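Q: My questions will all concern the structure given below.
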Amino acid sequence: MQNYKGVAVFAEQVNGKISGVVYELLGKGKELAAVLETDVTAILLGSNIGSLAEKLAAYGADCVVVIDDPALGDYMTEPYARALTEAVNTYMPEVLLYGATAIGRDLAPRVSARVQTGLTADCTGLEIQPETNNLLMTRPAFGGNIMATIVCSEHRPQMATVRPGVMQKLAPEPGRVCVVEALAVDGLSAAQNVEILEVVDKIAARMDILDAKVLVSGGRGMGGPENFAMLEELAGVLGGTISASRASVDAGWQPKDRQVGQTGKTVRPNLYIACGISGAIQHLAGMEESEIIVAINKDASAPIFEVADFGLVGDALKIVPLLTRQIRERTAGQ
């Protein structure tokens, strides 16, 4: 394992746009690299994507390895797995991070099997153990009821997928220069074992909660799915969208992609309004770094008030419509 060195990030891109989680991983990668006294390398795969290297440099990459090939134009498992495996075998990073996206979750286990190392999925925490340089990879286990820390002490690279929204990206430095290296991988066209007939872009009906600056979140205290309409109305006047606790998602009141918490998404909006959410530790872990937190709950001793900047003790079903009306009246007068 002595020849493995450096922190690498799989720089996922789709249609020439770098996924937001990549910038978060570069930020965390810089932190890990500082402890290891090494550099951060972004591994960029695709077709005609060389111009993206400067964006990766701006967010902290010290080196960008570019594998540019027509066979990598649209994501396909086999060509991408072959290309990334070649990059790992060539550059031998000590740590390799992926976003826990649809692509990252498909690609990471294939590469880990080919290079014969372990993989920890869906991590929410990463740190270096100083005595060993082992990567301590923390993730929820048993339905989010405990946090497990996993170590891959016998094999390299140490690989993890990381949830979007968990890590902090660095402030970009426009014009920052890094080393850019091209890597050619033979046989990628031959590895295309499926044919893509059509790519249909999904048009989201609602804003992704990871992108929202304002989130109005509902829990068990909302009483039922029909009452989320008032949360939609409040979110609308604030220019945001709605989210939900695990309890309301498990009850079928909201879809899984709206869930905030350890087993959902980690969010950092400017304003988070928790309505009828008691504040279990699993939920708090997904939203406690929001800039401003407003809690509305009938139980004055609910844990949500411990992290809230402003608290309203009362029935959310009565308070939310009043709050919406007040905001609408004030904004109408501006």
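Residue numbering restarts at 1 in every chain; chains get A, B, ... in the order shown in the structure tokens, and ligands count up from 1 in that same order.
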Leaving out segment 76-92 of chain A and any residue of its chain fewer than 5 positions from it, which residues lie within 8 Å of it when counting only C-alpha atoms, given as a list of chain:residue names?

A: A:Asn3, A:Tyr4, A:Lys5, A:Gly6, A:Ile43, A:Leu45, A:Ile67, A:Ala71, A:Asp106, A:Leu107, A:Arg110, A:Val111, A:Arg114, A:Val115, A:Pro157, A:Leu183, A:Val185, A:Leu188, A:Ser189, A:Ala191, A:Gln192, A:Asn193, A:Val194

Q: Env of Ile293 of chain A: 7 Å cut, atoms = only C-alpha atoms, seq-sep filter 3 positions within chain, self excluded. Answer as a short mmCIF file (atom, residue, chain, number, x, y, z; two decimals) with N, CA, C and O atoms, in the first residue's frame.

A:
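Contents of selection29.cif, freshly written:
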```cif
data_model
loop_
_atom_site.label_atom_id
_atom_site.label_comp_id
_atom_site.auth_asym_id
_atom_site.auth_seq_id
_atom_site.Cartn_x
_atom_site.Cartn_y
_atom_site.Cartn_z
N LEU A 271 -33.41 29.43 4.70
CA LEU A 271 -34.51 29.39 5.67
C LEU A 271 -35.15 28.01 5.66
O LEU A 271 -35.52 27.50 4.61
N TYR A 272 -35.26 27.42 6.84
CA TYR A 272 -35.90 26.10 6.99
C TYR A 272 -37.02 26.24 8.02
O TYR A 272 -36.77 26.60 9.18
N ILE A 273 -38.25 25.99 7.60
CA ILE A 273 -39.40 26.08 8.48
C ILE A 273 -39.90 24.67 8.74
O ILE A 273 -40.39 24.00 7.83
N SER A 290 -28.83 24.61 8.41
CA SER A 290 -29.57 25.64 7.69
C SER A 290 -29.26 27.00 8.33
O SER A 290 -29.00 27.10 9.53
N ALA A 308 -33.54 25.45 16.77
CA ALA A 308 -34.27 26.52 16.06
C ALA A 308 -33.78 27.90 16.48
O ALA A 308 -33.44 28.14 17.63
N ASP A 309 -33.76 28.81 15.52
CA ASP A 309 -33.47 30.22 15.81
C ASP A 309 -34.73 30.92 16.30
O ASP A 309 -34.66 31.84 17.12
N PHE A 310 -35.89 30.48 15.79
CA PHE A 310 -37.18 31.03 16.20
C PHE A 310 -38.14 29.86 16.40
O PHE A 310 -38.17 28.94 15.59
#
```

Q: Can you list, as number ranges by chain, all residues belonging to segment 11-246 of chain A that DSSP tags as helix (DSSP H, G or I)?

A: A: 20-36, 50-58, 70-72, 77-91, 102-114, 220-222, 225-238, 246

Q: Can you pull out every residue from segment 114-251 of chain A that DSSP, working from the backbone, puts in strand (DSSP E or B), and format the result as a PyMOL selection string?

A: chain A and resi 119-123+125-129+134-141+146-150+158-162+179-182+214-218+241-244

Q: Save out the residues we just selected, C-alpha atoms, as a compact mmCIF listing (two decimals), in the first residue's frame.

A:
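This is the output file again-v8.txt:
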```txt
# COMPACT_ATOMS: atom_id res chain seq x y z
CA LEU A 119 -16.37 0.52 -0.76
CA THR A 120 -18.46 2.33 1.84
CA ALA A 121 -21.72 3.64 0.41
CA ASP A 122 -23.78 6.70 1.26
CA CYS A 123 -21.34 8.32 3.69
CA GLY A 125 -18.82 11.81 7.43
CA LEU A 126 -15.17 11.37 6.40
CA GLU A 127 -11.98 11.94 8.36
CA ILE A 128 -8.41 10.69 8.49
CA GLN A 129 -7.17 8.65 11.44
CA ASN A 134 -6.89 5.22 7.35
CA LEU A 135 -10.05 6.92 6.12
CA LEU A 136 -12.82 6.76 8.73
CA MET A 137 -16.03 6.51 6.71
CA THR A 138 -19.24 7.18 8.65
CA ARG A 139 -22.69 6.28 7.39
CA PRO A 140 -26.18 5.62 8.81
CA ALA A 141 -26.97 1.98 9.53
CA ILE A 146 -27.07 4.21 14.53
CA MET A 147 -24.03 5.68 12.82
CA ALA A 148 -21.40 3.15 11.73
CA THR A 149 -17.77 4.08 11.11
CA ILE A 150 -16.08 1.79 8.60
CA GLN A 158 -10.09 3.62 0.22
CA MET A 159 -13.35 4.28 -1.61
CA ALA A 160 -16.59 5.93 -0.55
CA THR A 161 -19.74 7.37 -2.09
CA VAL A 162 -20.91 10.54 -0.33
CA VAL A 179 -2.13 20.59 -13.71
CA VAL A 180 -4.23 18.99 -16.47
CA GLU A 181 -3.22 15.56 -17.76
CA ALA A 182 -4.83 13.58 -20.58
CA VAL A 214 -36.27 28.19 1.36
CA LEU A 215 -37.73 24.90 2.59
CA VAL A 216 -41.05 24.44 4.36
CA SER A 217 -40.92 20.98 5.87
CA GLY A 218 -43.78 18.90 7.24
CA THR A 241 -40.49 24.40 -1.99
CA ILE A 242 -41.63 21.78 0.48
CA SER A 243 -39.78 18.92 2.12
CA ALA A 244 -40.71 16.29 4.68
```

Q: Using only C-alpha atoms, which of A:Val7, A:Val22, A:Ile103, A:Ala58 sits nearest Thr41 of chain A?

A: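 Closest to Thr41 of chain A, using only C-alpha atoms: A:Val7.
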
Q: Please report the interatomic distance between atom CA of Asp68 of chain A and atom CA of Ser47 of chain A in Å with one decimal.

A: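 Between these atoms lies a distance of 4.9 Å.
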